[in-house]
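Trainee: Sharing entry10.cif here; it has mmCIF, C-alpha atoms.
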data_start
loop_
_atom_site.label_atom_id
_atom_site.label_comp_id
_atom_site.auth_asym_id
_atom_site.auth_seq_id
_atom_site.Cartn_x
_atom_site.Cartn_y
_atom_site.Cartn_z
CA MET A 1 51.08 -16.23 76.86
CA ASN A 2 47.91 -14.33 75.99
CA LYS A 3 47.84 -10.53 75.76
CA ILE A 4 45.79 -9.99 78.94
CA LYS A 5 48.07 -12.13 81.08
CA LYS A 6 51.14 -10.42 79.60
CA ALA A 7 49.71 -7.01 80.42
CA LEU A 8 48.83 -8.07 83.95
CA LEU A 9 52.24 -9.59 84.61
CA SER A 10 54.07 -6.62 83.12
CA ALA A 11 52.00 -4.13 85.07
CA SER A 12 52.30 -6.05 88.31
CA LYS A 13 56.08 -5.57 88.37
CA SER A 14 55.65 -1.87 88.98
CA LEU A 15 52.56 -2.04 91.18
CA ALA A 16 54.22 -0.51 94.22
CA THR A 17 55.28 2.62 92.35
CA SER A 18 52.62 2.87 89.67
CA SER A 19 49.87 5.40 89.49
CA LEU A 20 46.75 4.77 87.48
CA LYS A 21 45.97 6.98 84.53
CA ARG A 22 42.29 7.49 83.93
CA ASP A 23 40.21 8.81 81.15
CA ALA A 24 36.64 9.97 81.73
CA ASN A 25 35.16 6.45 81.76
CA SER A 26 37.74 3.85 82.63
CA THR A 27 41.37 2.92 82.99
CA THR A 28 43.03 0.13 81.09
CA CYS A 29 44.82 -1.97 83.67
CA THR A 30 48.33 -0.59 83.75
CA ALA A 31 48.66 -1.69 87.37
CA ILE A 32 46.73 -4.63 88.76
CA TYR A 33 46.38 -6.85 91.73
CA GLN A 34 49.43 -9.14 91.72
CA PRO A 35 49.60 -12.09 91.92
CA LYS A 36 45.89 -12.90 92.11
CA ALA A 37 44.71 -11.83 88.66
CA PRO A 38 47.08 -14.07 86.63
CA ALA A 39 46.43 -17.02 88.97
CA SER A 40 42.68 -16.46 88.75
CA LEU A 41 42.82 -16.25 84.96
CA ASP A 42 44.71 -19.53 84.84
CA LYS A 43 41.97 -21.22 86.90
CA PHE A 44 39.48 -20.47 84.14
CA LYS A 45 41.51 -21.81 81.22
CA LYS A 46 39.85 -25.18 81.77
CA HIS A 47 36.48 -23.51 81.09
CA LYS A 48 37.82 -22.08 77.82
CA VAL A 49 36.83 -18.53 78.75
CA GLU A 50 38.90 -15.40 79.00
CA PRO A 51 37.93 -11.76 79.50
CA SER A 52 38.10 -9.60 76.39
CA SER A 53 39.78 -6.94 78.53
CA ILE A 54 40.20 -5.88 82.13
CA VAL A 55 39.79 -2.23 83.04
CA LEU A 56 39.59 -0.13 86.17
CA ARG A 57 36.68 2.23 86.66
CA ASP A 58 35.47 4.20 89.64
CA MET A 59 32.15 2.65 90.64
CA PRO A 60 30.41 3.97 93.74
CA THR A 61 28.37 0.82 94.46
CA ARG A 62 30.28 -2.11 92.93
CA TRP A 63 33.63 -3.81 93.35
CA GLY A 64 33.52 -5.39 89.90
CA SER A 65 31.40 -5.93 86.84
CA CYS A 66 31.39 -8.10 83.73
CA THR A 67 29.85 -6.90 80.48
CA PRO A 68 27.98 -9.20 78.07
CA LYS A 69 30.99 -8.94 75.74
CA GLY A 70 33.34 -10.25 78.42
CA LYS A 71 35.02 -7.07 79.62
CA ILE A 72 35.80 -7.22 83.34
CA ILE A 73 35.68 -3.90 85.16
CA LEU A 74 37.29 -3.58 88.58
CA ASN A 75 36.92 -0.77 91.08
CA PRO A 76 40.37 0.72 91.77
CA GLU A 77 39.44 1.01 95.48
CA LEU A 78 39.75 -2.77 95.56
CA ILE A 79 43.53 -2.38 95.78
CA LYS A 80 43.06 -1.41 99.45
CA ALA A 81 41.57 -4.81 100.25
CA PRO A 82 43.38 -8.00 101.31
CA LYS A 83 44.47 -10.31 98.50
CA GLY A 84 41.72 -12.81 99.31
CA CYS A 85 39.08 -10.13 98.77
CA ILE A 86 40.65 -9.13 95.46
CA GLU A 87 40.77 -12.75 94.33
CA TYR A 88 37.11 -13.18 95.32
CA VAL A 89 36.01 -10.24 93.13
CA ILE A 90 38.10 -11.39 90.18
CA ILE A 91 36.82 -14.98 90.44
CA HIS A 92 33.25 -13.71 90.83
CA GLU A 93 33.56 -11.72 87.60
CA LEU A 94 35.26 -14.60 85.78
CA CYS A 95 32.32 -16.82 86.77
CA HIS A 96 30.07 -14.34 84.95
CA LEU A 97 31.86 -15.24 81.71
CA ILE A 98 30.18 -18.65 82.06
CA HIS A 99 26.97 -17.85 83.95
CA HIS A 100 25.63 -14.34 83.37
CA ASP A 101 23.43 -14.26 86.44
CA HIS A 102 23.55 -15.35 90.08
CA THR A 103 21.82 -18.71 89.69
CA GLN A 104 22.73 -21.80 91.68
CA LYS A 105 25.00 -22.88 88.81
CA PHE A 106 26.89 -19.60 89.17
CA LEU A 107 27.22 -20.07 92.95
CA ASP A 108 28.33 -23.69 92.50
CA LEU A 109 31.05 -22.63 90.05
CA GLN A 110 32.20 -19.82 92.33
CA THR A 111 32.38 -22.25 95.26
CA LYS A 112 34.29 -24.78 93.15
CA GLU A 113 36.87 -22.15 92.17
CA MET A 114 37.10 -20.50 95.62
CA LYS A 115 35.74 -22.56 98.48
CA ASP A 116 35.95 -19.75 101.05
CA TRP A 117 34.50 -16.96 98.88
CA GLU A 118 31.79 -16.09 101.42
CA LYS A 119 34.45 -15.29 104.04
CA TRP A 120 36.22 -12.89 101.66
CA LYS A 121 32.97 -11.30 100.51
CA THR A 122 31.99 -10.60 104.13
CA LYS A 123 35.44 -9.22 104.90
CA LEU A 124 35.32 -6.93 101.85
CA GLU A 125 31.89 -5.64 102.80
CA LYS A 126 33.07 -4.88 106.34
CA LEU A 127 36.40 -3.31 105.37
CA LEU A 128 35.43 -1.10 102.50
CA ALA A 129 31.69 -0.52 102.77
#
Just give me the structure of the file as structure tokens.
Mentor:
Amino acid sequence: MNKIKKALLSASKSLATSSLKRDANSTTCTAIYQPKAPASLDKFKKHKVEPSSIVLRDMPTRWGSCTPKGKIILNPELIKAPKGCIEYVIIHELCHLIHHDHTQKFLDLQTKEMKDWEKWKTKLEKLLA
């Protein structure tokens, strides 16, 4: 099992009672969105991509981000959203490991990996905007 998946699985066990520790810029995922992150990571094994790390960072205008070096950054406010919304954001960022922009190829991949992503995106925008 790779180190990211191990960290996610280990952290997810204490999700209900965990608090996030933050430094000035970001938080390494010590608690994450179970069970969607490990399942989402598994979906991308076939593409031979994996994030270099996953961190939490307060971001006033984004739910997630993916750096050119493959670090996925998630907004900790996302934890308040339904699981489908969380999975949508994680899959969206994982798609950026393959396509770094929002081209049709990106959208096709996102749709292939999560057919109802538009529903969850809309729900997220309505719930937490």
Trainee: Using atom CA of Thr67 of chain A and atom CA of Thr103 of chain A as the two end points, give the distance in Å to one decimal.
Mentor: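 Computing it gives 17.0 Å between the two atoms.
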Trainee: Could you state the separation of atom CA of Val49 of chain A and atom CA of Lys121 of chain A in Å, given to one decimal place?
Mentor: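 Distance between the two atoms: 23.3 Å.
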Trainee: Would you mind reading off the distance between atom CA of Cys85 of chain A and atom CA of Phe106 of chain A, one decimal, in Å?
Mentor: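 So the two atoms, atom CA of Cys85 of chain A and atom CA of Phe106 of chain A, lie 18.2 Å apart.
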Trainee: Which is closer to Glu77 of chain A than all the others in A:Leu107, A:Leu41, A:Leu94, A:Met59, using only C-alpha atoms?
Mentor: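 Closest residue, counting only C-alpha atoms: A:Met59.
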Trainee: Might you pull out every residue within 12 Å of Lys119 of chain A, with all atoms listed in the file counted and same-chain residues fewer than 5 positions away left off, and present them as a PyMOL selection string?
Mentor: chain A and resi 82+84-85+87-88+111+114+124-126
Trainee: Please expand the PyMOL selection byres ((chain A and resi 43-45) around 12) into the concrete residues it hits in this file, giving the result as JSON, numbers by chain.
Mentor: {"A": [1, 2, 5, 36, 37, 38, 39, 40, 41, 42, 46, 47, 48, 49, 50, 51, 87, 90, 91, 92, 93, 94, 95, 96, 97, 98, 109, 110, 112, 113, 114]}
Trainee: So what does the PyMOL selection byres ((chain A and resi 72) around 7) actually pick up in this one, as a list in words?
Mentor: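 Selected by the PyMOL selection byres ((chain A and resi 72) around 7) here: Pro51, Ser53, Ile54, Val55, Ser65, Cys66, Thr67, Gly70, Lys71, Ile73, Leu74 and Glu93 of chain A.
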Trainee: Taking the file above as input, evaluate the PyMOL selection byres ((chain A and resi 75) around 10) and report the hits as number ranges by chain.
Mentor: A: 26-27, 55-65, 73-74, 76-79, 89
Trainee: Could you save the residues just selected, with C-alpha atoms, as a compact mmCIF listing (two decimals), keeping the file's coordinate frame?
Mentor:
# COMPACT_ATOMS: atom_id res chain seq x y z
CA SER A 26 37.74 3.85 82.63
CA THR A 27 41.37 2.92 82.99
CA VAL A 55 39.79 -2.23 83.04
CA LEU A 56 39.59 -0.13 86.17
CA ARG A 57 36.68 2.23 86.66
CA ASP A 58 35.47 4.20 89.64
CA MET A 59 32.15 2.65 90.64
CA PRO A 60 30.41 3.97 93.74
CA THR A 61 28.37 0.82 94.46
CA ARG A 62 30.28 -2.11 92.93
CA TRP A 63 33.63 -3.81 93.35
CA GLY A 64 33.52 -5.39 89.90
CA SER A 65 31.40 -5.93 86.84
CA ILE A 73 35.68 -3.90 85.16
CA LEU A 74 37.29 -3.58 88.58
CA PRO A 76 40.37 0.72 91.77
CA GLU A 77 39.44 1.01 95.48
CA LEU A 78 39.75 -2.77 95.56
CA ILE A 79 43.53 -2.38 95.78
CA VAL A 89 36.01 -10.24 93.13
